[in-house]
Structure formats: structure tokens, C-alpha cells
$ cat run_25.txt   # compact mmCIF, C-alpha atoms and all ligand atoms
# COMPACT_ATOMS: atom_id res chain seq x y z
CA MET A 1 76.63 101.29 126.18
CA ILE A 2 76.60 105.06 125.71
CA ALA A 3 79.72 106.63 124.20
CA SER A 4 80.36 110.36 124.39
CA LEU A 5 82.10 111.70 121.28
CA ALA A 6 83.62 115.08 120.58
CA ALA A 7 85.57 116.41 117.60
CA PRO A 8 86.34 119.75 115.96
CA ARG A 9 83.35 121.16 114.08
CA VAL A 10 85.30 121.66 110.86
CA ILE A 11 88.30 119.68 109.68
CA LEU A 12 90.15 120.70 106.54
CA ILE A 13 92.70 118.01 105.74
CA GLY A 14 95.05 117.49 102.82
CA GLY A 15 98.10 118.90 101.04
CA GLY A 16 97.85 122.68 100.71
CA ALA A 17 95.00 123.01 103.23
CA VAL A 18 96.85 125.77 105.11
CA ARG A 19 96.33 128.07 102.12
CA ARG A 20 92.59 127.93 102.83
CA VAL A 21 92.68 128.77 106.53
CA ALA A 22 90.94 132.12 105.91
CA GLU A 23 87.97 130.22 104.49
CA VAL A 24 87.69 128.27 107.71
CA LEU A 25 87.74 131.48 109.77
CA ALA A 26 85.11 133.00 107.48
CA GLN A 27 82.80 130.02 108.05
CA PHE A 28 82.59 131.10 111.68
CA ASP A 29 82.65 134.82 110.98
CA LEU A 30 86.04 135.11 112.71
CA ARG A 31 88.29 137.93 111.48
CA ARG A 32 90.91 138.79 114.08
CA PRO A 33 93.10 135.77 114.96
CA LEU A 34 95.95 135.78 117.44
CA VAL A 35 98.49 133.34 116.02
CA VAL A 36 100.12 131.34 118.84
CA THR A 37 103.42 129.85 117.77
CA ASP A 38 107.08 129.46 118.76
CA PRO A 39 110.22 131.45 117.96
CA TRP A 40 111.55 128.82 115.54
CA MET A 41 108.40 129.02 113.42
CA VAL A 42 109.05 132.75 113.08
CA SER A 43 112.83 132.68 112.54
CA SER A 44 112.60 129.83 110.03
CA GLY A 45 109.90 131.65 108.12
CA THR A 46 107.51 128.71 108.47
CA VAL A 47 104.83 130.89 110.05
CA GLU A 48 104.62 132.79 106.75
CA ARG A 49 102.95 129.69 105.28
CA LEU A 50 100.03 130.62 107.55
CA LEU A 51 100.31 134.41 107.60
CA GLU A 52 100.66 134.94 103.85
CA PRO A 53 97.30 133.39 102.87
CA LEU A 54 95.66 135.21 105.77
CA ARG A 55 97.03 138.54 104.57
CA ALA A 56 95.91 137.70 101.04
CA ALA A 57 92.40 137.36 102.47
CA GLY A 58 92.64 140.79 104.08
CA ILE A 59 93.40 139.54 107.59
CA THR A 60 96.39 140.90 109.51
CA PRO A 61 96.85 138.60 112.49
CA ALA A 62 98.50 139.44 115.77
CA VAL A 63 101.26 136.99 116.68
CA PHE A 64 102.29 135.59 120.07
CA ALA A 65 105.51 133.67 119.36
CA ASP A 66 106.82 133.02 122.87
CA THR A 67 105.65 129.43 123.35
CA VAL A 68 108.22 126.94 124.66
CA PRO A 69 108.66 123.16 124.50
CA ASP A 70 106.79 121.52 127.41
CA PRO A 71 104.65 124.67 127.70
CA THR A 72 104.45 126.17 131.16
CA ASP A 73 101.73 127.87 133.16
CA ALA A 74 103.92 131.01 133.10
CA VAL A 75 103.93 131.13 129.30
CA VAL A 76 100.19 130.52 129.19
CA ALA A 77 99.65 133.39 131.64
CA ALA A 78 101.91 135.65 129.54
CA GLY A 79 99.91 134.64 126.49
CA VAL A 80 96.67 135.62 128.19
CA VAL A 81 98.16 139.03 129.05
CA ALA A 82 99.15 139.45 125.40
CA LEU A 83 95.68 138.35 124.31
CA ARG A 84 94.00 140.91 126.59
CA GLY A 85 96.02 143.63 124.84
CA THR A 86 94.34 142.78 121.55
CA ASN A 87 90.79 142.64 120.28
CA CYS A 88 91.28 139.18 118.80
CA ASP A 89 88.25 136.96 118.30
CA CYS A 90 90.03 133.59 118.05
CA LEU A 91 93.34 131.84 118.63
CA LEU A 92 95.24 130.13 115.84
CA GLY A 93 97.63 127.52 117.26
CA PHE A 94 100.39 126.90 114.72
CA GLY A 95 103.27 124.46 115.20
CA GLY A 96 103.86 121.20 117.04
CA GLY A 97 102.04 120.16 120.16
CA SER A 98 103.49 122.91 122.32
CA PRO A 99 102.06 125.95 120.48
CA MET A 100 98.72 124.19 119.99
CA ASP A 101 98.52 123.17 123.65
CA THR A 102 99.50 126.70 124.68
CA ALA A 103 96.72 128.21 122.54
CA LYS A 104 94.18 125.82 124.03
CA ALA A 105 95.31 126.56 127.58
CA MET A 106 95.22 130.32 126.91
CA ALA A 107 91.58 130.02 125.81
CA ILE A 108 90.75 128.15 129.04
CA LEU A 109 92.68 130.46 131.36
CA ALA A 110 91.31 133.60 129.69
CA ALA A 111 87.77 132.41 130.53
CA ALA A 112 88.60 132.39 134.25
CA PRO A 113 88.74 135.39 136.58
CA ALA A 114 92.15 137.07 136.77
CA GLY A 115 94.48 135.38 139.23
CA VAL A 116 93.11 131.84 138.83
CA PRO A 117 96.12 129.57 138.27
CA MET A 118 96.30 126.99 135.49
CA ARG A 119 96.58 124.19 138.03
CA ASP A 120 92.97 124.78 139.03
CA PHE A 121 92.02 123.14 135.74
CA LYS A 122 94.08 119.95 135.95
CA VAL A 123 92.25 116.63 136.05
CA PRO A 124 90.02 115.61 137.71
CA ALA A 125 88.71 119.21 137.30
CA ARG A 126 86.91 119.81 134.01
CA ALA A 127 88.01 122.58 131.68
CA ASP A 128 84.87 122.98 129.60
CA ARG A 129 84.88 126.75 129.12
CA ALA A 130 86.99 128.71 126.69
CA ALA A 131 87.08 132.50 126.33
CA LEU A 132 87.34 132.28 122.57
CA PRO A 133 87.54 129.60 119.89
CA VAL A 134 90.79 127.89 118.94
CA ILE A 135 91.74 126.75 115.44
CA CYS A 136 94.74 124.42 115.27
CA VAL A 137 97.20 123.95 112.42
CA PRO A 138 99.77 121.23 113.22
CA THR A 139 103.22 121.21 111.61
CA THR A 140 104.24 117.82 112.99
CA ALA A 141 102.57 114.42 112.64
CA GLY A 142 102.46 113.69 116.31
CA THR A 143 100.42 114.98 119.18
CA GLY A 144 97.09 115.09 117.41
CA SER A 145 96.34 118.06 119.67
CA GLU A 146 94.36 119.58 116.80
CA ALA A 147 91.78 116.82 117.33
CA THR A 148 91.67 116.47 121.10
CA ARG A 149 89.96 117.83 124.18
CA PHE A 150 93.26 117.76 126.08
CA THR A 151 96.14 120.12 126.73
CA VAL A 152 99.26 119.40 128.80
CA ILE A 153 100.81 122.28 130.72
CA THR A 154 103.75 122.21 133.15
CA ASP A 155 103.22 123.65 136.62
CA THR A 156 106.44 125.59 137.19
CA ALA A 157 106.00 125.41 140.97
CA THR A 158 106.10 121.60 141.06
CA ASP A 159 107.59 120.57 137.69
CA GLU A 160 104.42 118.61 137.06
CA LYS A 161 103.07 118.14 133.55
CA MET A 162 99.38 118.68 134.20
CA LEU A 163 96.76 116.97 132.07
CA ILE A 164 93.91 119.42 131.44
CA ALA A 165 90.77 117.99 129.87
CA GLY A 166 87.46 119.38 128.71
CA LEU A 167 85.59 120.97 125.84
CA GLY A 168 87.48 124.21 126.47
CA ALA A 169 90.54 122.46 125.00
CA LEU A 170 88.73 121.11 121.95
CA PRO A 171 89.54 123.15 118.83
CA LEU A 172 86.66 124.63 116.90
CA ALA A 173 88.44 123.66 113.70
CA ALA A 174 91.56 121.86 112.54
CA VAL A 175 93.51 122.53 109.38
CA VAL A 176 95.73 119.52 108.74
CA ASP A 177 98.27 119.98 105.96
CA HIS A 178 101.03 117.38 105.67
CA GLU A 179 103.11 119.70 103.49
CA LEU A 180 103.90 121.67 106.66
CA SER A 181 105.64 118.58 108.08
CA TRP A 182 108.06 117.97 105.20
CA SER A 183 110.87 120.01 106.73
CA VAL A 184 110.63 118.40 110.19
CA PRO A 185 114.03 116.86 111.10
CA ALA A 186 114.41 113.09 111.35
CA ARG A 187 114.67 112.97 115.16
CA THR A 188 111.44 114.95 115.61
CA THR A 189 109.75 112.87 112.91
CA ALA A 190 110.61 109.72 114.84
CA ASP A 191 109.58 111.08 118.24
CA THR A 192 106.30 112.61 117.11
CA GLY A 193 105.53 109.51 115.06
CA VAL A 194 105.97 107.19 118.06
CA ASP A 195 103.81 109.58 120.08
CA SER A 196 100.98 109.18 117.57
CA LEU A 197 101.42 105.41 117.48
CA THR A 198 101.25 105.38 121.28
CA HIS A 199 98.02 107.41 121.16
CA ALA A 200 96.37 104.91 118.83
CA LEU A 201 97.58 101.83 120.71
CA GLU A 202 96.71 103.20 124.15
CA ALA A 203 93.28 104.35 122.96
CA PHE A 204 92.69 100.88 121.50
CA VAL A 205 93.55 98.97 124.70
CA SER A 206 92.15 101.58 127.10
CA ARG A 207 89.38 100.64 129.50
CA ARG A 208 87.55 103.64 128.03
CA ALA A 209 87.71 102.43 124.43
CA ASN A 210 84.45 102.34 122.49
CA PRO A 211 83.52 101.23 118.98
CA PHE A 212 84.02 104.74 117.64
CA SER A 213 87.46 105.38 119.11
CA ASP A 214 88.34 101.84 117.97
CA GLY A 215 87.54 102.75 114.38
CA TYR A 216 89.95 105.67 114.41
CA ALA A 217 92.66 103.60 116.12
CA ARG A 218 92.28 100.79 113.60
CA GLU A 219 92.79 103.31 110.79
CA ALA A 220 95.70 105.07 112.46
CA MET A 221 97.91 102.16 113.55
CA PRO A 222 98.59 100.65 110.09
CA LEU A 223 99.23 104.08 108.59
CA ILE A 224 101.81 105.00 111.19
CA ALA A 225 103.46 101.58 111.33
CA ALA A 226 103.80 101.37 107.56
CA HIS A 227 105.22 104.85 107.00
CA LEU A 228 107.17 106.00 110.05
CA ARG A 229 110.47 104.39 109.09
CA ASP A 230 110.20 105.83 105.56
CA ALA A 231 109.58 109.38 106.75
CA TYR A 232 112.43 109.06 109.26
CA ALA A 233 114.90 107.86 106.62
CA GLU A 234 113.64 110.09 103.85
CA PRO A 235 112.17 113.40 105.11
CA GLY A 236 111.00 114.41 101.64
CA ASN A 237 108.87 111.28 101.17
CA ALA A 238 105.51 112.90 100.47
CA VAL A 239 103.56 109.63 100.56
CA ALA A 240 104.92 108.82 104.01
CA ARG A 241 104.38 112.38 105.27
CA GLU A 242 100.75 112.37 104.12
CA ALA A 243 100.07 109.01 105.74
CA LEU A 244 101.72 110.01 109.02
CA MET A 245 99.85 113.31 109.26
CA ARG A 246 96.55 111.55 108.61
CA GLY A 247 97.50 108.81 111.06
CA ALA A 248 98.44 111.28 113.78
CA PHE A 249 95.14 113.13 113.33
CA LEU A 250 93.11 109.90 113.44
CA ALA A 251 95.05 108.78 116.52
CA GLY A 252 94.19 112.12 118.12
CA LEU A 253 90.49 111.60 117.43
CA SER A 254 90.80 108.11 118.85
CA PHE A 255 92.41 108.93 122.18
CA SER A 256 90.36 112.09 122.64
CA ASN A 257 87.26 109.89 122.59
CA SER A 258 88.86 107.05 124.57
CA SER A 259 91.97 107.91 126.56
CA VAL A 260 95.66 107.38 126.79
CA ALA A 261 96.92 105.04 129.48
CA LEU A 262 100.01 103.97 131.39
CA VAL A 263 102.65 104.98 128.84
CA HIS A 264 101.46 108.58 128.87
CA GLY A 265 100.91 108.52 132.62
CA MET A 266 104.57 107.56 133.14
CA SER A 267 105.92 109.63 130.26
CA ARG A 268 104.67 113.05 131.39
CA PRO A 269 106.78 113.06 134.59
CA VAL A 270 109.86 112.04 132.60
CA GLY A 271 109.29 115.00 130.31
CA ALA A 272 108.60 117.34 133.21
CA HIS A 273 111.67 116.46 135.28
CA PHE A 274 114.23 115.60 132.60
CA HIS A 275 112.91 117.51 129.55
CA VAL A 276 112.99 114.44 127.36
CA PRO A 277 110.86 115.27 124.29
CA HIS A 278 107.38 113.84 124.78
CA GLY A 279 107.40 111.29 121.97
CA LEU A 280 110.86 110.13 122.91
CA SER A 281 109.93 109.49 126.54
CA ASN A 282 106.91 107.54 125.27
CA ALA A 283 109.20 105.46 123.08
CA MET A 284 111.55 104.75 126.01
CA LEU A 285 108.61 103.30 127.97
CA LEU A 286 106.40 101.78 125.29
CA PRO A 287 107.83 98.24 124.97
CA ALA A 288 108.10 97.64 128.72
CA VAL A 289 104.66 99.05 129.50
CA THR A 290 103.12 97.06 126.66
CA ALA A 291 104.75 93.86 127.94
CA PHE A 292 103.45 94.68 131.44
CA GLY A 293 99.83 94.92 130.28
CA LEU A 294 99.90 92.34 127.51
CA GLU A 295 98.01 89.49 129.17
CA ALA A 296 95.31 91.82 130.51
CA ALA A 297 94.15 92.74 127.01
CA LEU A 298 95.80 90.10 124.85
CA PRO A 299 93.18 89.99 122.06
CA ARG A 300 93.44 93.76 121.64
CA TYR A 301 97.23 93.87 121.63
CA ALA A 302 97.29 90.90 119.23
CA GLU A 303 94.88 92.66 116.89
CA ALA A 304 97.10 95.75 116.98
CA ALA A 305 100.08 93.62 115.92
CA ARG A 306 98.10 92.15 113.03
CA LEU A 307 96.80 95.57 111.97
CA MET A 308 100.34 96.91 111.85
CA GLY A 309 101.57 93.96 109.83
CA TRP A 310 103.83 92.75 112.62
CA ALA A 311 101.93 89.46 112.93
CA ALA A 312 100.28 87.48 110.14
CA PRO A 313 96.45 87.44 110.10
CA ASP A 314 96.31 83.77 111.09
CA VAL A 315 98.75 84.00 114.00
CA GLY A 316 97.27 83.26 117.43
CA ASP A 317 96.96 85.86 120.15
CA GLU A 318 99.91 84.71 122.27
CA ALA A 319 102.35 84.83 119.36
CA ALA A 320 100.87 88.07 117.99
CA GLY A 321 101.18 89.69 121.41
CA ARG A 322 104.84 88.73 121.57
CA ALA A 323 105.29 90.04 118.03
CA LEU A 324 103.86 93.37 119.13
CA VAL A 325 106.40 93.81 121.92
CA ASP A 326 109.21 92.64 119.62
CA GLY A 327 107.95 95.02 116.92
CA LEU A 328 107.98 97.97 119.29
CA ARG A 329 111.56 97.13 120.34
CA ALA A 330 112.59 96.83 116.69
CA LEU A 331 110.94 100.15 115.90
CA ASN A 332 112.90 101.80 118.72
CA ARG A 333 116.14 100.32 117.38
CA ASP A 334 115.42 101.47 113.83
CA LEU A 335 114.50 104.96 115.02
CA ALA A 336 117.63 105.13 117.23
CA VAL A 337 115.64 105.65 120.44
CA PRO A 338 118.12 105.81 123.35
CA SER A 339 117.50 104.56 126.86
CA PRO A 340 117.13 107.29 129.49
CA ARG A 341 120.67 106.40 130.61
CA ALA A 342 122.06 106.69 127.09
CA TRP A 343 120.17 109.96 126.65
CA GLY A 344 122.32 111.32 129.44
CA ILE A 345 120.13 111.17 132.53
CA ASP A 346 122.07 110.69 135.75
CA PRO A 347 121.17 107.33 137.32
CA GLY A 348 121.12 108.78 140.83
CA ARG A 349 118.76 111.56 139.89
CA TRP A 350 116.47 109.15 138.04
CA GLU A 351 116.31 106.84 141.06
CA ALA A 352 115.75 109.76 143.44
CA LEU A 353 112.85 111.09 141.39
CA ILE A 354 111.09 107.76 140.83
CA PRO A 355 108.80 108.17 143.89
CA VAL A 356 107.69 111.62 142.72
CA MET A 357 107.30 110.46 139.13
CA ALA A 358 105.25 107.45 140.22
CA GLU A 359 103.03 109.64 142.37
CA GLN A 360 102.50 112.15 139.55
CA ALA A 361 101.84 109.35 137.07
CA LEU A 362 99.12 107.87 139.28
CA ALA A 363 97.62 111.29 140.04
CA SER A 364 97.14 111.99 136.33
CA GLY A 365 94.53 109.24 136.18
CA SER A 366 95.97 107.79 132.97
CA PRO A 367 97.30 104.56 134.58
CA ALA A 368 93.75 103.75 135.70
CA ASN A 369 92.77 103.42 132.03
CA ASN A 370 95.42 100.77 131.41
CA PRO A 371 94.32 97.17 130.82
CA ARG A 372 96.49 96.20 133.80
CA ILE A 373 96.29 98.88 136.47
CA PRO A 374 99.61 99.30 138.24
CA ASP A 375 100.33 100.33 141.80
CA ALA A 376 103.23 102.60 142.75
CA ALA A 377 105.60 99.65 143.25
CA GLU A 378 104.89 98.32 139.76
CA ILE A 379 105.39 101.77 138.22
CA THR A 380 108.67 102.02 140.12
CA ALA A 381 109.78 98.68 138.69
CA LEU A 382 108.83 99.78 135.17
CA TYR A 383 110.82 103.01 135.49
CA ARG A 384 113.84 100.94 136.56
CA VAL A 385 113.45 98.50 133.66
CA ALA A 386 113.13 101.33 131.16
CA PHE A 387 116.10 103.29 132.49
CA ALA A 388 118.82 100.97 131.29
CA GLY A 389 117.10 100.31 128.00
CA ASN A 390 115.88 96.87 128.98
CA ALA A 391 112.47 97.93 127.82
FE FE A 401 101.20 112.02 123.47
$ encode --input "run_25.txt" --output "C-alpha cells" --more "lines below"
Ligand SMILES: [Fe+2]
Amino acid sequence: MIASLAAPRVILIGGGAVRRVAEVLAQFDLRRPLVVTDPWMVSSGTVERLLEPLRAAGITPAVFADTVPDPTDAVVAAGVVALRGTNCDCLLGFGGGSPMDTAKAMAILAAAPAGVPMRDFKVPARADRAALPVICVPTTAGTGSEATRFTVITDTATDEKMLIAGLGALPLAAVVDHELSWSVPARTTADTGVDSLTHALEAFVSRRANPFSDGYAREAMPLIAAHLRDAYAEPGNAVAREALMRGAFLAGLSFSNSSVALVHGMSRPVGAHFHVPHGLSNAMLLPAVTAFGLEAALPRYAEAARLMGWAAPDVGDEAAGRALVDGLRALNRDLAVPSPRAWGIDPGRWEALIPVMAEQALASGSPANNPRIPDAAEITALYRVAFAGNA
């Protein structure tokens, strides 16, 4: 077996790492970053945690702060226009998954001739070229985008969340500082935490898993499972924050070198059409999708349950598999994850959009990585099960 592995060239990880971001730039002789972030990072003053040490190092960065949740092709295009008005030599993605994904997409789009739309890069196309390097600094323990060769951008013409994959989306460097996540509110902590757990679990059961992605997933799952409830209940819990940030990063490395699967395939359309936050739509689907695939990769799912402490080491696969599904349901209860119905989605609109969502899920390719590969009818049934919270 030949495994293909990719990761950022430099990873600076630990409390206070953001204060050394200028050192990372200097390693690559980069001097003129365009910081890509969102308006909240600016208005809350959080972006100063990045800008201040840069200024202290004699660097005055340009800032593009117009990124939006579920980043769109329009915002990426606006970012490229802003970039072309500067003489920046790198992009510094700062924030949750949306600013980081926007920075990565800007680097890809800026490498293409003017007028090429973002959708030209969605899978199965490969996005291997970037106009300039990207350094990512996450402020949430969630997407792991700082570690991955993926970015997810919404096509505003079709409301499709497009998966874009390739080396063009892989950051040159990642600066991972859990202290940036301490002020993240409980709801976001829960949602981003379940996202990272989903990355590790899906990478671990994926048909594209390999011994190297397995290693990262095996490290990530116990960290996230052991600390997510604590960080949710107690935002200032530094031990939990550190573990979750490390877990989210390791989960990112894992799925970037394996893949995500059916949960993400079905979750992206829910986010695109109903604007459910990404981690939350994962959580709404995770127990039902896990139960759907359980028998197709039972030893893997059972090992995941044991790794997370949800099944004892000597428990057999059948019981451990059941414990995994029960554990995911319990986690959703403890993190107050609503059903799509309880979240406020109109049942008629959900039902009407299921065919489109199923089609977009299948087109993303992610369901084909699932241990049990679904057809459109099975995806339809899963969307219906998840809607009422019978997941
Ligand atoms: Fe995700």
C-alpha cells in the first residue's frame, strides 16, 4: 500500500504561539501578510492578538476583514480584488474555519486567470496551485482547516457548499494557540468540538484511511471525547481548551490524509440551504449516519468507542458499536444539540429540499468514502430520520 501524506511545512503549537507568528513568517522570508479575518475578530479586538506581535516585529499587515460564515465565492472574489490592490507576499488566515477557508480559496483563485469562477475548482477538479502561501491561525478548536488540503466555499448561484481539494489549499504553516479559543462561547465550543470529533471518526472509518491518518485519529478521538463537555460547561478551563485545540488539529491532519465521509457529505447541503452552523449540522446527523454504517466497519467503530472511553477495553465489537451510537446521542443531549425541526427549520422546506441535498451530497464524493455507501434513497431516509431528532 502506498499512502500519500501532506501537512503544513511548519507547525507552531502551544499556548502563546500566536506571539511568535513573525518568526514563522521570517523562516520563509515573508514580510507583507494580508490578514484575512471576519468583522467580529476586528470589533472584539481579538485580531490585535495577531497584529500586535506582528507590529512589534516591524510588520504592518494589510487586513481583509469581510469574510462571512459559510464563505461564499463572492467574498472570495472580493478578497482577491483586495489582494491585487496590495503587494502582499502571503495570506494570514485568522479566525474560525470561515476566515481560514476564505484565505485558502483566495490563494487558489488568485492563481487563476481573471474571470475564472471558484466553482471550476470544486471536486473532482484538483486545486493544486496557489498564487501565494497561506499561514493559518485558528481561534476555534474545530475545523482543523489549518492542517488540511481542503476548503469549503458556497456557490452563490446554486447554494451549494463546494468541496475544493488540493495542495493549493494546504497552508504553508499553522500557528495553533489554544489561548485564542478561551473566549469562544459555549455553543460554538460545542459545535466546533463535534465537528473535530466527526473529522477524526470519519477519517478513521473512511475507505481512504491509512496507518498514518489512523495514528492522528487515534490521538484525536480520546482528547476530544474527554474534554469537550468540560470546555462547553466551563469556557475558562485551560486544560480542556488545550486538549481540544490539539485534538482538532490532529483530527485535521487525519482527515486531510484520509477523508471525511457521509456525515460531511450530508452536512454541507444542510449548511448551504439552512445556514445551520457546520459543526451543529454534523452533530444533527452523526448518530444516525454512524448507526447506518456501523456493521460495515464494526471493528473500527468499536475501537473508536473504546478509544473514547465509551466502551470498556474488553467489550466485544457488537456491544462497543452500540455504545458508540449511544455515546454520540448522549453527547448531543449534553451539548444541547437540537434536531433540525427544533432548530426552527420548516418541515415542508426540509422535505422539498431533500432531493437537492441528496444530489449535492452524492456529488461531493464524500459518501463514497463511507464504510457503507448509500444511494439517494438511503440518504433521503437518513435526512428524514435526522429531521425529527430521531437520530
Ligand atoms: Fe467539518
$ residues_around --input "run_25.txt" --residues "segment 116-133 of chain A" --least-positions-apart "4" --cutoff "9 Å" --atoms "all atoms listed in the file" --output "ChimeraX atom specification"
/A:73-74,76-77,88-92,104-112,152-155,162-173,363-365
$ residues_near_ligand --input "run_25.txt" --ligand "ligand FE 401 (chain A)" --cutoff "12 Å" --atoms "all atoms listed in the file" --output "NGL selection string"
:A and (70 or 96-98 or 101 or 141-145 or 148 or 150-152 or 161 or 163 or 191-203 or 248-249 or 251-252 or 255-256 or 259-268 or 271 or 277-283 or 286 or 366)
$ atom_distance --input "run_25.txt" --atom1 "atom CA of Ser254 of chain A" --atom2 "atom CA of Ser213 of chain A"
4.3 Å
$ residues_around --input "run_25.txt" --residues "Ile354 of chain A" --least-positions-apart "4" --cutoff "10 Å" --atoms "all atoms listed in the file" --output "list in words"
Pro269, Val270, Arg349, Trp350, Ala358, Glu359, Gln360, Ala376, Ile379, Thr380, Ala381, Tyr383 and Arg384 of chain A
$ write_last_selection --input "run_25.txt" --atoms "C-alpha atoms" --output "PDB file, keeping the file's coordinate frame"
ATOM      1  CA  PRO A 269     106.780 113.060 134.590  1.00  0.00           C
ATOM      2  CA  VAL A 270     109.860 112.040 132.600  1.00  0.00           C
ATOM      3  CA  ARG A 349     118.760 111.560 139.890  1.00  0.00           C
ATOM      4  CA  TRP A 350     116.470 109.150 138.040  1.00  0.00           C
ATOM      5  CA  ALA A 358     105.250 107.450 140.220  1.00  0.00           C
ATOM      6  CA  GLU A 359     103.030 109.640 142.370  1.00  0.00           C
ATOM      7  CA  GLN A 360     102.500 112.150 139.550  1.00  0.00           C
ATOM      8  CA  ALA A 376     103.230 102.600 142.750  1.00  0.00           C
ATOM      9  CA  ILE A 379     105.390 101.770 138.220  1.00  0.00           C
ATOM     10  CA  THR A 380     108.670 102.020 140.120  1.00  0.00           C
ATOM     11  CA  ALA A 381     109.780  98.680 138.690  1.00  0.00           C
ATOM     12  CA  TYR A 383     110.820 103.010 135.490  1.00  0.00           C
ATOM     13  CA  ARG A 384     113.840 100.940 136.560  1.00  0.00           C
TER      14      ARG A 384
END
$ closest_residue --input "run_25.txt" --among "A:Ser258, A:Gln27, A:Thr72, A:Asn370" --to "Thr158 of chain A" --atoms "all atoms listed in the file"
A:Thr72
$ atom_distance --input "run_25.txt" --atom1 "atom CA of Thr140 of chain A" --atom2 "atom CA of Ala305 of chain A"
24.7 Å
$ residues_around --input "run_25.txt" --residues "Leu223 of chain A" --least-positions-apart "4" --cutoff "8 Å" --atoms "only C-alpha atoms" --output "PDB file with C-alpha atoms, in the frame of the given file"
ATOM      1  CA  GLU A 219      92.790 103.310 110.790  1.00  0.00           C
ATOM      2  CA  HIS A 227     105.220 104.850 107.000  1.00  0.00           C
ATOM      3  CA  ALA A 243     100.070 109.010 105.740  1.00  0.00           C
ATOM      4  CA  LEU A 244     101.720 110.010 109.020  1.00  0.00           C
ATOM      5  CA  ARG A 246      96.550 111.550 108.610  1.00  0.00           C
ATOM      6  CA  GLY A 247      97.500 108.810 111.060  1.00  0.00           C
ATOM      7  CA  MET A 308     100.340  96.910 111.850  1.00  0.00           C
TER       8      MET A 308
END
$ closest_residue --input "run_25.txt" --among "A:Arg187, A:Arg300, A:Arg207, A:Arg149" --to "Asn332 of chain A" --atoms "all atoms listed in the file"
A:Arg187
$ atom_distance --input "run_25.txt" --atom1 "atom CA of Leu250 of chain A" --atom2 "atom CA of Ala217 of chain A"
6.9 Å
$ closest_residue --input "run_25.txt" --among "A:Phe274, A:Tyr216, A:Phe292, A:Trp343" --to "Met357 of chain A" --atoms "only C-alpha atoms"
A:Phe274
$ closest_residue --input "run_25.txt" --among "A:Met245, A:Ile224, A:Ala78, A:Leu34" --to "Leu180 of chain A" --atoms "all atoms listed in the file"
A:Met245
$ closest_residue --input "run_25.txt" --among "A:Val10, A:Glu160, A:Ala57, A:Gly115" --to "Glu146 of chain A" --atoms "all atoms listed in the file"
A:Val10
$ closest_residue --input "run_25.txt" --among "A:Val18, A:Ala3, A:Val24, A:Val42" --to "Val176 of chain A" --atoms "all atoms listed in the file"
A:Val18
$ residues_around --input "run_25.txt" --residues "Ala288 of chain A" --least-positions-apart "5" --cutoff "10 Å" --atoms "all atoms listed in the file" --output "MDAnalysis selection string"
chainID A and resid 263 283 293:294 325 328:329 382:383 385:386 389:391
$ residues_near_point --input "run_25.txt" --point "(90.6, 119.5, 103.7)" --cutoff "12 Å" --atoms "all atoms listed in the file" --output "list in words"
Val10, Ile11, Leu12, Ile13, Gly14, Gly15, Gly16, Ala17, Val18, Arg19, Arg20, Val21, Glu23, Val24, Val137, Ala173, Ala174, Val175, Val176, Asp177, His178 and Arg246 of chain A
$ build_atoms --input "run_25.txt" --residues "segment 342-353 of chain A" --atoms "N, CA, C and O atoms" --output "tab-separated table (two decimals), in the coordinates of the input"
chain	number	residue	atom	x	y	z
A	342	ALA	N	121.28	106.29	128.26
A	342	ALA	CA	122.06	106.69	127.09
A	342	ALA	C	121.74	108.12	126.66
A	342	ALA	O	122.57	108.79	126.05
A	343	TRP	N	120.54	108.58	127.00
A	343	TRP	CA	120.17	109.96	126.65
A	343	TRP	C	120.91	110.97	127.51
A	343	TRP	O	120.96	112.16	127.20
A	344	GLY	N	121.48	110.45	128.62
A	344	GLY	CA	122.32	111.32	129.44
A	344	GLY	C	121.77	111.62	130.82
A	344	GLY	O	122.31	112.46	131.55
A	345	ILE	N	120.71	110.92	131.21
A	345	ILE	CA	120.13	111.17	132.53
A	345	ILE	C	120.99	110.49	133.60
A	345	ILE	O	121.37	109.32	133.45
A	346	ASP	N	121.26	111.22	134.64
A	346	ASP	CA	122.07	110.69	135.75
A	346	ASP	C	121.29	109.61	136.50
A	346	ASP	O	120.15	109.85	136.92
A	347	PRO	N	121.89	108.43	136.67
A	347	PRO	CA	121.17	107.33	137.32
A	347	PRO	C	120.69	107.67	138.73
A	347	PRO	O	119.59	107.27	139.14
A	348	GLY	N	121.51	108.42	139.47
A	348	GLY	CA	121.12	108.78	140.83
A	348	GLY	C	119.91	109.69	140.87
A	348	GLY	O	119.02	109.55	141.71
A	349	ARG	N	119.89	110.62	139.93
A	349	ARG	CA	118.76	111.56	139.89
A	349	ARG	C	117.49	110.84	139.46
A	349	ARG	O	116.40	111.10	139.97
A	350	TRP	N	117.63	109.94	138.48
A	350	TRP	CA	116.47	109.15	138.04
A	350	TRP	C	115.89	108.38	139.22
A	350	TRP	O	114.69	108.44	139.50
A	351	GLU	N	116.76	107.67	139.93
A	351	GLU	CA	116.31	106.84	141.06
A	351	GLU	C	115.66	107.73	142.13
A	351	GLU	O	114.63	107.37	142.69
A	352	ALA	N	116.28	108.88	142.39
A	352	ALA	CA	115.75	109.76	143.44
A	352	ALA	C	114.38	110.31	143.09
A	352	ALA	O	113.56	110.56	143.98
A	353	LEU	N	114.13	110.49	141.80
A	353	LEU	CA	112.85	111.09	141.39
A	353	LEU	C	111.75	110.06	141.12
A	353	LEU	O	110.59	110.43	140.93
